[in-house]
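Before any comments, here is the structure.
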Amino acid sequence: MKKFAWLLTLIVALSMVLAACGTAAPATEAPVAATEAPVAATEAPVVATEPPVPAEPFRVAVVMPSAINDLAFSQSMYDALVRIQEEMGGPEAFEFVYSEGMFVVDDAAAAIRDYASQGYNLVIAHGSQYGSSLQEIAPDFPETSFAWGTTAETFGLPNIFAYEAASQEGGYVNGVLAATLSTSKVIGVVGPIEVGDAKLYVDGFKAGVAATNPEVQVNVNYIGSFSDVALASEAATTHISAGADAMTGTAQMVVGAIGKAEEAGALWFGTQSNQSSLAPSIVVASQVYHWEVVLKEMIAMINEGELGGVSFRIDLENGGEVIEFNPEYALSDDAKALAEATIKGIADGTITITLP
Amino acid sequence: MISELFSVTVLIGILASGIRLATPYLYASIGETFGQRSGVLNLGVEGQMLLGAFAAFFVALTTGNLWFGVLAAMIVGALMGLLMAFVTVNLHAQQGISGIGFYLFGLGMSDLLFQKLMGTVETVKGFPPLKIPFLSNIPGVGEIFFNQNILVYGAYLLVPAAWFVLNKTTLGLKIRSVGENPDAADSLGVSVARVRYFTIILGGVLSGIAGASLSIALLNVFQQNMTSGLGFIAVALVYFGGWRPWGVLGGALLFSMVNSLQLWIQVLGIPIPSDIAVMMPYVLTILVLVATVSRVRAPTALTRPFERED
Amino acid sequence: MPAMKKFFQSDGLSRLVDSLLPIFATLAALLLGAVMLFLLKVNPIEAYKALWDGAFGSTNAFAETLVKATPLLLVGLGICISFRGDVINIGGEGQMIIGAILATWVGLTFTGLPGWLVVTLSMIAGFLGGAIWGGIPGVLKAYFSVNEILSTVMMNAIAVQLMNFLLRGPMIDPSQAELSSKIPQTARLLEIFRLPRLAPTRLHLGALIAVALAVLVYILLWRTTLGYRIRAVGQNPHASRYAGIKVQRYIVLALLLSGAFSGLAGATQVFGVNYRMITDGSSSGFTGSAGFNGIVAALFGQLHPIMTIPASILFGALLVGANKMQRVVQVPSALVIALNGLVVVFVVSIEFLRRRRQRRRLAAAKQNDESPPSPEPLKQLETGT
């Protein structure tokens with residue numbers, strides 16, 4: 001009996017693992033294929049000039065806190081690197097490696113140091129929590145260039161670039177649209193924790209709503225987690241019960257909220273990555289980060305021997321932030337014109353966003 | 001603002017969303033209750049839920065049949081339960097730690113499968129709300145109790161069913177005796193191993209359904225680590241409920257309703273920092289237990305592997 | 001052949017084989033992992049070479065392994081105490097956080113005092129912070145019969161939110177408070193307040209402190225009345241009560257001490273590795289899940305403080321090496337997590353073999369009518385439960 005149980009379990013265990021991986025194997029190339037779709041939609045104006053193809057490939061390593069397919073922060077960087085690689089002519093000219101899921105700060109530090117010691121041209125620490133580690137590591141590798149985001153701080157070191165997203169700008173545009181399209185005059189926001197990029201986006205969104213129609217009420221819910229999909233979903237339901245007919249949210253757990261918005265027929269405004277595919281009928285527009293705009297500038301500077309000390313920002317003006325409208329949502333011409341005027345106004349500085 | 005908290009809309013909202021949020025806890029906690037009543041602590045519930053959630057979602061997405069999804073979740077949960085049973089019953093492995101091992105395995109494996117088989121977050125059309133005729137038309141009550149999806153109803157039907165099985169059937173008697181005094185049960189001819197195999201696999205199946213209730217009934221989406229600690233709360237609620245299905249129900253409802261209450265507090269703009277609001281369900285669960293000091297004893301043989309003296 | 005059999009059954013060798021069993025189990029799990037890697041179209045040999053290199057390949061790699069092992073050992077020491085007292089403390093994550101917060105507060109407040117003093121005070125603060133966060137579930141269990149698994153799970157969640165609240169509010173880095181990005185982190189510790197490094201790597205004094213404490217915990221558990229009573233209560237609370245031991249007091253103490261070591265682990269992470277507290281909204285971002293993994297390390301070490309040292313190093317090596325493997329062969333981080341899970345399951349499962357061998361040894365000893373079996377293996381026999 002005992003032997004039988006042993007054998008049985010071994011077979012079950014093995015077959016589970018084999019089934020898991022066996023079906024998995026053919027699909028290995030899937031992520032790359034999937035990421036090609038957004039490339040086609042990109043209209044980002046290219047700021048930097050085409051860099052000359054160097055003899056050796058330009059080598060980039062990136063460390064990211066979540067998975068490369070999170071439809072949010074990490075994916076925005078991964079997609080940008082894929083786009084650059086394509087533009088520069090494939091892995092022969094531009095090679096990149098990544099460490100995903102590095103949410104443990106000191107694991108990330110080890111990864112950054114390891115990449116730096118392997119002579120990568122640029123090591124990107126894609127997470128504001130990695131700053132302290134970078135401050136330690138960068139001085140030990142004066143020949144390597146580092147990039148850290150999202151922040152404006154280079155610690156005054158000559159080999160650290162800083163980059164950040166003016167997420168309040170896209171938030172403002174989304175806010176203007178939401179205030180225009182909402183008939184119930186109640187809008188709901190689902191956020192993770194009240195800091196950084198998320199807070200900036202939410203504050204910009206609120207400012208956009210207030211500037212368009214001060215009577216519209218914005219209810220904000222921070223759920224205290226970046227991963228609790230169930231609570232994000234219930235937060236969305238709460239907003240709907242409170243009368244919201246338009247919603248937005250930021251970070252990877254909002255996928256739970258988008259579903260609830262779709263069920264209730266409420267509008268959704270996305271950020272960080274294009275979220276239209278999740279609910280084509282209700283996603284109006286998404287603010288999408290095109291980090292390649294600043295990455296290309298960094299690469300150009302590195303090729304010229306400047307390894308850091310500069311702080312970059314993507315925004316609506318330089319095309320690093322793009323509002324991607326969902327073609328499947330029938331946005332009225334008036335509303336679209338208003339959104340485009342707002343984008344233009346923010347880009348040329350006629351609209352200023354005052355944050356609380 | 002605070003007075004708004006007592007408006008009808010808000011109360012209905014809190015109750016209805018509390019009922020929904022409690023669903024995955026109920027499946028997983030009732031399953032864990034069976035396991036613990038027979039003397040087995042399974043900390044791997046979260047991993048079983050994640051694999052169940054993925055299996056349900058993937059199968060529902062590819063076959064277009066939600067029930068196949070539920071079935072897949074049950075099978076995956078049963079397999080995980082079988083492994084857990086083998087490790088803890090036959091090999092006498094330390095239960096808590098093997099549970100943590102299975103949790104990590106489920107966390108990683110569900111994510112790996114998700115990345116390799118799907119690659120990106122997708123949505124599926126989950127179980128629609130099922131209105132119970134007449135009852136769903138009762139103002140307020142209908143909205144709260146009789147306009148939910150089928151897996152939600154299932155969770156609440158499970159509670160009396162579990163109570164009945166545990167307290168009114170021979171099987172239940174066997175389970176309890178194995179958890180209280182395995183030696184005595186053994187001498188009366190009850191196979192301790194077989195009973196524990198049964199409860200652990202049942203626990204796995206129910207955790208699988210708990211996962212399915214998230215991915216194809218409540219959220220209709222799968223994402224890495226989407227349970228986000230829910231499985232551990234489910235284990236905690238078994239203790240809250242004092243190893244009784246009705247007590248588990250009370251705990252699951254209390255925790256979920258306070259959670260939806262804190263969402264409303266934020267939505268209504270009551271000036272409490274969001275982090276402090278988020279803490280509320282955790283703090284209150286502990287406080288309620290403190291206030292209602294109950295002297296329910298844990299199953300005596302809980303976490304003790306059974307070895308026949310021979 | 002009988003001679004050979006005899007040789008393998010000889011006591012010393014048999015025990016040596018026993019102590020190596022977890023390593024065999026790890027290798028078996030990695031073998032299963034190799035099949036997974038193969039199916040993912042990754043060369044398993046290349047992958048495992050990267051894992052080895054990442055953990056032991058160079059001075060720096062080994063230092064990283066030890067850095068990772070330090071909090072595992074500290075949390076594990078606390079687990080040795082609480083599990084011996086038969087309380088299941090899964091609140092290590094929260095206890096690490098509270099310990100770190102208190103220690104960081106001391107480090108950022110008393111900037112005028114000499115370095116050695118502030119570091120000492122901070123470590124004590126960390127110890128106390130963890131003790132408070134572990135003591136509360138202790139009191140709840142002893143006097144309000146609130147189960148410790150429930151309360152520690154809840155207290156973990158509460159600690160995370162408390163950390164988020166403090167780091168984005170009252171304790172935020174003043175320079176961040178002015179920026180729009182508002183990174184939720186505290187100010188950096190002054191350089192004189194950091195735990196000294198032991199080599200030109202990240203290895204810090206915390207590792208030595210942890211090893212010294214392992215010896216102390218051994219003494220505490222087996223050479224003091226306090227330790228004896230904690231173990232007695234753990235083995236048989238009823239008999240202990242008859243023997244006049246105040247059972248409730250020792251339940252509280254077991255959880256309190258257990259929490260204190262986790263709190264110290266949190267403090268050493270801040271003062272030895274990160275030099276500030278940062279939150280990504282979850283507990284693992286700061287703790288690296290050491291609050292959970294420390295439990296696993298302690299059980300790998302059979303709940304023996306000294307044995308927990310190599311167990312922590314083994315587990316730390318696995319974690320550090322797996323990250324390196326992800327970098328070199330670019331496998332998803334998810335595979336690494338699943339692999340860790342397999343290792344844990346295999347290692348706890350192989351305990352079965354060890355216990356069976358031990359029983360046989362005892363039986364053989366009885367048969368030969370040698371001296372009565374020492375109590376030590378008997379006790380170890382019970383650690384599996």
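Chain labels A, B, ... are given in the sequence in which chains occur in the structure tokens; within each chain residues are numbered consecutively from 1, and ligands are likewise numbered from 1 in the order shown.
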(request) Find the residues near C:Asn274: any atom within 12 Å, counting only C-alpha atoms, skip ones fewer than 3 places away on the same chain, and give them as a ChimeraX atom specification. (result) /A:104-110,129-137 /C:67,100,104,185-189,191,194-195,202,204,266-271,277-279,285-287
For the selection just defined, write its residues with N, CA and C atoms to a file, as a short mmCIF file (atom, residue, chain, number, x, y, z; two decimals), in the first residue's frame.
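out06.cif written:
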```cif
data_model
loop_
_atom_site.label_atom_id
_atom_site.label_comp_id
_atom_site.auth_asym_id
_atom_site.auth_seq_id
_atom_site.Cartn_x
_atom_site.Cartn_y
_atom_site.Cartn_z
N VAL A 104 11.83 42.70 -3.97
CA VAL A 104 12.64 42.75 -2.75
C VAL A 104 13.82 43.69 -2.99
N VAL A 105 13.86 44.77 -2.20
CA VAL A 105 14.81 45.84 -2.50
C VAL A 105 16.25 45.34 -2.49
N ASP A 106 16.62 44.49 -1.52
CA ASP A 106 18.04 44.12 -1.53
C ASP A 106 18.37 43.06 -2.57
N ASP A 107 17.38 42.30 -3.04
CA ASP A 107 17.62 41.42 -4.20
C ASP A 107 17.90 42.27 -5.43
N ALA A 108 17.11 43.34 -5.57
CA ALA A 108 17.30 44.22 -6.71
C ALA A 108 18.70 44.81 -6.68
N ALA A 109 19.16 45.20 -5.49
CA ALA A 109 20.50 45.77 -5.36
C ALA A 109 21.55 44.78 -5.83
N ALA A 110 21.39 43.51 -5.46
CA ALA A 110 22.34 42.50 -5.90
C ALA A 110 22.33 42.37 -7.42
N GLN A 129 11.91 52.61 -5.51
CA GLN A 129 12.47 52.06 -4.27
C GLN A 129 13.92 51.62 -4.41
N TYR A 130 14.46 51.66 -5.67
CA TYR A 130 15.83 51.20 -5.86
C TYR A 130 16.87 52.31 -5.68
N GLY A 131 16.41 53.54 -5.43
CA GLY A 131 17.33 54.69 -5.43
C GLY A 131 18.48 54.54 -4.46
N SER A 132 18.17 54.15 -3.23
CA SER A 132 19.21 54.04 -2.21
C SER A 132 20.29 53.07 -2.63
N SER A 133 19.89 51.95 -3.22
CA SER A 133 20.86 50.95 -3.64
C SER A 133 21.76 51.53 -4.72
N LEU A 134 21.15 52.26 -5.63
CA LEU A 134 21.92 52.84 -6.73
C LEU A 134 22.95 53.83 -6.23
N GLN A 135 22.55 54.59 -5.23
CA GLN A 135 23.45 55.57 -4.64
C GLN A 135 24.71 54.89 -4.10
N GLU A 136 24.53 53.65 -3.60
CA GLU A 136 25.66 52.88 -3.09
C GLU A 136 26.53 52.34 -4.23
N ILE A 137 25.85 51.82 -5.25
CA ILE A 137 26.54 51.01 -6.25
C ILE A 137 27.24 51.86 -7.31
N VAL C 67 24.64 37.50 3.47
CA VAL C 67 23.76 38.65 3.73
C VAL C 67 22.30 38.19 3.73
N ALA C 100 12.10 47.16 12.62
CA ALA C 100 12.85 48.06 11.74
C ALA C 100 12.39 49.50 11.93
N THR C 104 14.86 52.35 13.16
CA THR C 104 15.11 53.46 12.26
C THR C 104 14.79 54.78 12.95
N GLN C 185 9.84 56.71 1.74
CA GLN C 185 11.05 56.22 2.40
C GLN C 185 11.48 57.20 3.47
N THR C 186 12.24 56.69 4.43
CA THR C 186 12.78 57.57 5.46
C THR C 186 14.08 58.18 4.97
N ALA C 187 14.60 59.13 5.73
CA ALA C 187 15.91 59.69 5.40
C ALA C 187 16.96 58.59 5.57
N ARG C 188 18.14 58.83 4.99
CA ARG C 188 19.21 57.83 5.12
C ARG C 188 19.88 57.96 6.48
N LEU C 189 20.34 56.83 6.98
CA LEU C 189 21.07 56.85 8.24
C LEU C 189 22.44 57.47 8.02
N GLU C 191 26.40 57.87 8.15
CA GLU C 191 27.34 56.77 7.91
C GLU C 191 27.86 56.15 9.19
N ARG C 194 25.93 53.07 10.73
CA ARG C 194 25.67 51.82 9.99
C ARG C 194 26.45 50.67 10.61
N LEU C 195 25.91 49.49 10.51
CA LEU C 195 26.64 48.32 10.98
C LEU C 195 27.89 48.16 10.11
N ARG C 202 28.93 43.35 0.83
CA ARG C 202 27.83 43.85 1.65
C ARG C 202 27.70 43.11 2.97
N HIS C 204 27.84 42.30 6.60
CA HIS C 204 27.90 43.25 7.69
C HIS C 204 27.93 42.55 9.04
N GLY C 266 14.78 42.69 11.33
CA GLY C 266 14.38 43.89 10.61
C GLY C 266 15.36 45.02 10.82
N ALA C 267 15.80 45.19 12.07
CA ALA C 267 16.73 46.29 12.38
C ALA C 267 18.06 46.08 11.65
N THR C 268 18.57 44.85 11.61
CA THR C 268 19.85 44.65 10.92
C THR C 268 19.71 44.85 9.42
N GLN C 269 18.53 44.55 8.87
CA GLN C 269 18.35 44.81 7.43
C GLN C 269 18.50 46.29 7.14
N VAL C 270 17.93 47.13 8.03
CA VAL C 270 18.01 48.57 7.79
C VAL C 270 19.44 49.06 8.05
N PHE C 271 20.03 48.66 9.17
CA PHE C 271 21.33 49.22 9.55
C PHE C 271 22.50 48.54 8.85
N MET C 277 14.51 52.93 5.52
CA MET C 277 13.35 52.09 5.25
C MET C 277 12.63 52.60 4.02
N ILE C 278 12.27 51.67 3.15
CA ILE C 278 11.53 52.00 1.94
C ILE C 278 10.37 51.03 1.87
N THR C 279 9.22 51.47 1.39
CA THR C 279 8.13 50.52 1.22
C THR C 279 7.67 50.51 -0.22
N GLY C 285 8.58 43.44 0.09
CA GLY C 285 9.51 44.38 -0.52
C GLY C 285 10.63 44.73 0.43
N PHE C 286 10.29 44.88 1.71
CA PHE C 286 11.31 45.18 2.71
C PHE C 286 11.92 43.90 3.29
N THR C 287 11.09 42.95 3.68
CA THR C 287 11.61 41.78 4.40
C THR C 287 12.20 40.73 3.47
#
```
(request) Give the alpha helix (DSSP H) residues of stretch 44-188 of chain C, as DSSP finds them on the backbone, and put them as number ranges by chain. (result) C: 44-56, 59-84, 92-109, 115-144, 148-168, 174-178
(message) So that I can check the surroundings of stretch 2-18 of chain B, please list as a PyMOL selection string every protein, DNA and RNA residue that reaches within 7 Å of it, counting only C-alpha atoms and ignoring chain neighbours fewer than 5 positions away.
(response) (chain A and resi 234+238+241) or (chain B and resi 140+144-145+253+256-257+260-261+270)
Could you dump the residues just selected with C-alpha atoms as a PDB file, in the first residue's frame?
```pdb
ATOM      1  CA  GLU A 234     -14.938  45.668  -4.765  1.00  0.00           C
ATOM      2  CA  THR A 238     -18.456  50.656  -4.205  1.00  0.00           C
ATOM      3  CA  SER A 241     -23.050  52.073  -5.849  1.00  0.00           C
TER       4      SER A 241
ATOM      5  CA  GLY B 140     -32.963  45.981  -0.429  1.00  0.00           C
ATOM      6  CA  ILE B 144     -28.188  41.954  -1.210  1.00  0.00           C
ATOM      7  CA  PHE B 145     -28.979  38.261  -1.100  1.00  0.00           C
ATOM      8  CA  LEU B 253     -18.917  37.993   6.866  1.00  0.00           C
ATOM      9  CA  SER B 256     -15.645  41.143   4.457  1.00  0.00           C
ATOM     10  CA  MET B 257     -18.212  43.634   5.640  1.00  0.00           C
ATOM     11  CA  SER B 260     -16.395  47.017   2.363  1.00  0.00           C
ATOM     12  CA  LEU B 261     -17.179  49.467   5.152  1.00  0.00           C
ATOM     13  CA  ILE B 270     -14.424  60.681   5.765  1.00  0.00           C
TER      14      ILE B 270
END
```
(request) Can you work out which one of C:Tyr242, C:Phe261, C:Phe144, C:Tyr48 has the shortest atom-to-atom distance to chain B, counting only C-alpha atoms? (result)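 The answer is C:Phe144, which sits nearest to chain B.
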(message) Using only C-alpha atoms for the distances, tell me which of C:Val160, C:Leu73, C:Ile132, C:Ala25 is nearest to C:Ser284.
(response)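 Closest to C:Ser284 of all the choices is C:Val160.
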(request) Could you tell me which of C:Lys49, C:Arg197, C:Arg356, C:Arg231 comes closest to C:Ala63 if we count only C-alpha atoms? (result)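 Using only C-alpha atoms, C:Ala63 sits closest to C:Arg197.
A straight line drawn from atom CA of C:Leu16 to atom CA of C:Val345 is 21.7 Å long.
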(request) Find the spatial neighbours of stretch 250-256 of chain C, counting only C-alpha atoms, within a cut-off of 8 Å - ignore same-chain residues fewer than 2 positions away - and output them as an MDAnalysis selection string. (result) chainID C and resid 81:82 85 87 89 130:139 141:142 229:230 233 246:248 258:260
(request) With a distance threshold of 6 Å and counting only C-alpha atoms, extract the residues of chain C near chain A and express them as a PyMOL selection string. (result) chain C and resi 39-40+181-183+281+285+288+327
Go ahead and save the residues from that selection, with C-alpha atoms, as a short mmCIF file (atom, residue, chain, number, x, y, z; two decimals), in the first residue's frame.
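Wrote part06.cif, looks like this:
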```
data_model
loop_
_atom_site.label_atom_id
_atom_site.label_comp_id
_atom_site.auth_asym_id
_atom_site.auth_seq_id
_atom_site.Cartn_x
_atom_site.Cartn_y
_atom_site.Cartn_z
CA LEU C 39 10.87 21.94 -21.03
CA LEU C 40 11.27 25.71 -20.94
CA SER C 181 7.35 61.93 -6.61
CA LYS C 182 7.07 61.52 -2.80
CA ILE C 183 8.87 58.20 -2.57
CA GLY C 281 3.34 48.77 -0.27
CA GLY C 285 9.51 44.38 -0.52
CA GLY C 288 12.25 39.67 1.31
CA ARG C 327 19.55 36.83 -14.81
#
```
(request) Might you pull out every residue within 8 Å of B:Leu218, with only C-alpha atoms counted and same-chain residues fewer than 3 positions away left off, and present them as JSON, numbers by chain? (result) {"A": [230], "B": [20, 126, 127, 213, 214, 215]}
May I have the selected residues written with N, CA and C atoms, as an mmCIF file, in the first residue's frame?
```cif
data_model
loop_
_atom_site.group_PDB
_atom_site.id
_atom_site.type_symbol
_atom_site.label_atom_id
_atom_site.label_comp_id
_atom_site.auth_asym_id
_atom_site.auth_seq_id
_atom_site.Cartn_x
_atom_site.Cartn_y
_atom_site.Cartn_z
ATOM 1 N N ALA A 230 -9.089 41.444 -5.885
ATOM 2 C CA ALA A 230 -10.456 41.337 -5.377
ATOM 3 C C ALA A 230 -10.900 42.631 -4.705
ATOM 4 N N ARG B 20 -20.414 39.221 -1.273
ATOM 5 C CA ARG B 20 -19.569 38.797 -2.394
ATOM 6 C C ARG B 20 -18.147 38.517 -1.922
ATOM 7 N N GLY B 126 -17.651 35.866 -17.054
ATOM 8 C CA GLY B 126 -17.850 34.935 -15.949
ATOM 9 C C GLY B 126 -19.316 34.619 -15.715
ATOM 10 N N PHE B 127 -19.565 33.911 -14.618
ATOM 11 C CA PHE B 127 -20.940 33.578 -14.251
ATOM 12 C C PHE B 127 -21.736 34.867 -14.053
ATOM 13 N N SER B 213 -13.923 30.923 -8.010
ATOM 14 C CA SER B 213 -14.932 31.949 -7.720
ATOM 15 C C SER B 213 -14.347 33.336 -7.949
ATOM 16 N N LEU B 214 -13.037 33.479 -7.766
ATOM 17 C CA LEU B 214 -12.411 34.766 -8.050
ATOM 18 C C LEU B 214 -12.253 34.962 -9.555
ATOM 19 N N SER B 215 -11.658 33.972 -10.219
ATOM 20 C CA SER B 215 -11.222 34.220 -11.598
ATOM 21 C C SER B 215 -12.344 34.133 -12.615
#
```
(request) Just the residues within 12 Å of A:Glu297, please, counting only C-alpha atoms, with nothing from its chain fewer than 2 positions along; format it as JSON, numbers by chain. (result) {"A": [46, 47, 48, 49, 50, 51, 84, 147, 161, 162, 163, 291, 292, 293, 294, 295, 299, 300, 301, 302, 303, 304, 306, 307, 308, 310, 311, 312, 313, 314, 318, 320]}
Sorted by chain and rising residue number, which residues of chain B lie within 8 Å of chain C, and what are their closest atom pairs and distances in Å to one decimal, counting only C-alpha atoms, as CSV?
```
residue,atom,partner,partner_atom,distance
B:Val87,CA,C:Ser349,CA,6.0
B:Thr88,CA,C:Ser349,CA,8.0
B:Leu91,CA,C:Phe352,CA,5.2
B:His92,CA,C:Phe352,CA,6.3
B:Ala93,CA,C:Ser349,CA,5.2
B:Gln94,CA,C:Gly384,CA,5.5
B:Gln95,CA,C:Thr385,CA,8.0
B:Ile97,CA,C:Val296,CA,6.4
B:Ser98,CA,C:Val345,CA,5.2
B:Ile100,CA,C:Gly341,CA,7.5
B:Gly101,CA,C:Gly341,CA,4.3
B:Phe102,CA,C:Gly341,CA,6.0
B:Tyr103,CA,C:Gly341,CA,7.1
B:Leu104,CA,C:Gly341,CA,4.5
B:Phe105,CA,C:Ala338,CA,4.1
B:Gly106,CA,C:Ala338,CA,6.8
B:Leu107,CA,C:Ala338,CA,6.8
B:Gly108,CA,C:Ala338,CA,4.2
B:Met109,CA,C:Ala338,CA,5.5
B:Asp111,CA,C:Ala334,CA,5.7
B:Leu112,CA,C:Ala334,CA,5.3
B:Phe232,CA,C:Val153,CA,7.0
B:Ile233,CA,C:Val153,CA,7.0
B:Val235,CA,C:Leu150,CA,7.6
B:Ala236,CA,C:Leu150,CA,4.2
B:Leu237,CA,C:Leu150,CA,7.1
B:Tyr239,CA,C:Asn147,CA,6.4
B:Phe240,CA,C:Leu150,CA,7.3
B:Pro273,CA,C:Phe165,CA,7.7
B:Asp275,CA,C:Gln161,CA,5.2
B:Ile276,CA,C:Gln161,CA,6.8
B:Val278,CA,C:Gln161,CA,7.2
B:Met279,CA,C:Ile158,CA,5.5
B:Tyr282,CA,C:Met154,CA,5.2
B:Val283,CA,C:Met154,CA,7.3
B:Ile286,CA,C:Ser151,CA,6.5
B:Leu289,CA,C:Val146,CA,6.5
B:Val290,CA,C:Phe144,CA,5.8
B:Val293,CA,C:Phe144,CA,5.7
B:Ser294,CA,C:Ser145,CA,7.2
B:Arg295,CA,C:Ser145,CA,6.6
B:Thr303,CA,C:Thr385,CA,6.8
B:Arg304,CA,C:Thr385,CA,5.5
B:Pro305,CA,C:Thr385,CA,6.5
```
(message) Using only C-alpha atoms and a cut-off of 7 Å, which residues of chain B sit close to chain A? Please list them as a VMD selection string.
(response) chain B and resid 13 17 83 113 116 to 117 119 to 120 122 to 123 219 to 221 225 to 228 263 to 264 266 to 268 274 to 275 278
Put those residues in a file: C-alpha atoms, as a tab-separated table (two decimals), in the first residue's frame.
```tsv
chain	number	residue	atom	x	y	z
B	13	GLY	CA	-23.78	48.40	-0.65
B	17	SER	CA	-20.31	43.58	-1.27
B	83	LEU	CA	0.20	15.65	-2.79
B	113	LEU	CA	1.62	28.82	-16.54
B	116	LYS	CA	3.63	30.72	-20.86
B	117	LEU	CA	0.06	29.91	-21.83
B	119	GLY	CA	1.30	35.94	-21.72
B	120	THR	CA	-0.96	38.87	-21.04
B	122	GLU	CA	-7.17	38.81	-20.53
B	123	THR	CA	-10.78	38.84	-19.45
B	219	LEU	CA	-13.35	39.20	-11.04
B	220	ASN	CA	-13.33	37.44	-14.41
B	221	VAL	CA	-9.64	38.00	-14.86
B	225	ASN	CA	-0.58	36.51	-7.22
B	226	MET	CA	-4.14	37.74	-7.59
B	227	THR	CA	-5.23	36.23	-4.26
B	228	SER	CA	-2.77	38.50	-2.49
B	263	LEU	CA	-14.02	51.23	1.17
B	264	TRP	CA	-17.16	53.28	1.78
B	266	GLN	CA	-12.89	56.39	1.86
B	267	VAL	CA	-15.46	56.91	-0.91
B	268	LEU	CA	-17.55	59.18	1.30
B	274	SER	CA	-6.32	55.44	3.67
B	275	ASP	CA	-3.75	53.13	5.30
B	278	VAL	CA	-7.36	49.54	5.26
```
(request) From stretch 140-296 of chain B, collect each residue whose DSSP state is strand (DSSP E or B) and return the set as a PyMOL selection string. (result) chain B and resi 147-149+221
(message) Show me, as a VMD selection string, the residues that have an atom within 7 Å of B:Arg196 when counting only C-alpha atoms, minus same-chain residues fewer than 4 positions from it.
(response) chain B and resid 38 192 200
(message) Considering only C-alpha atoms, can you say which of C:Ala239, C:Ala177, C:Met325, C:Val75 comes closest to C:Gly291?
(response)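 For C:Gly291, the nearest of the given residues is C:Val75.
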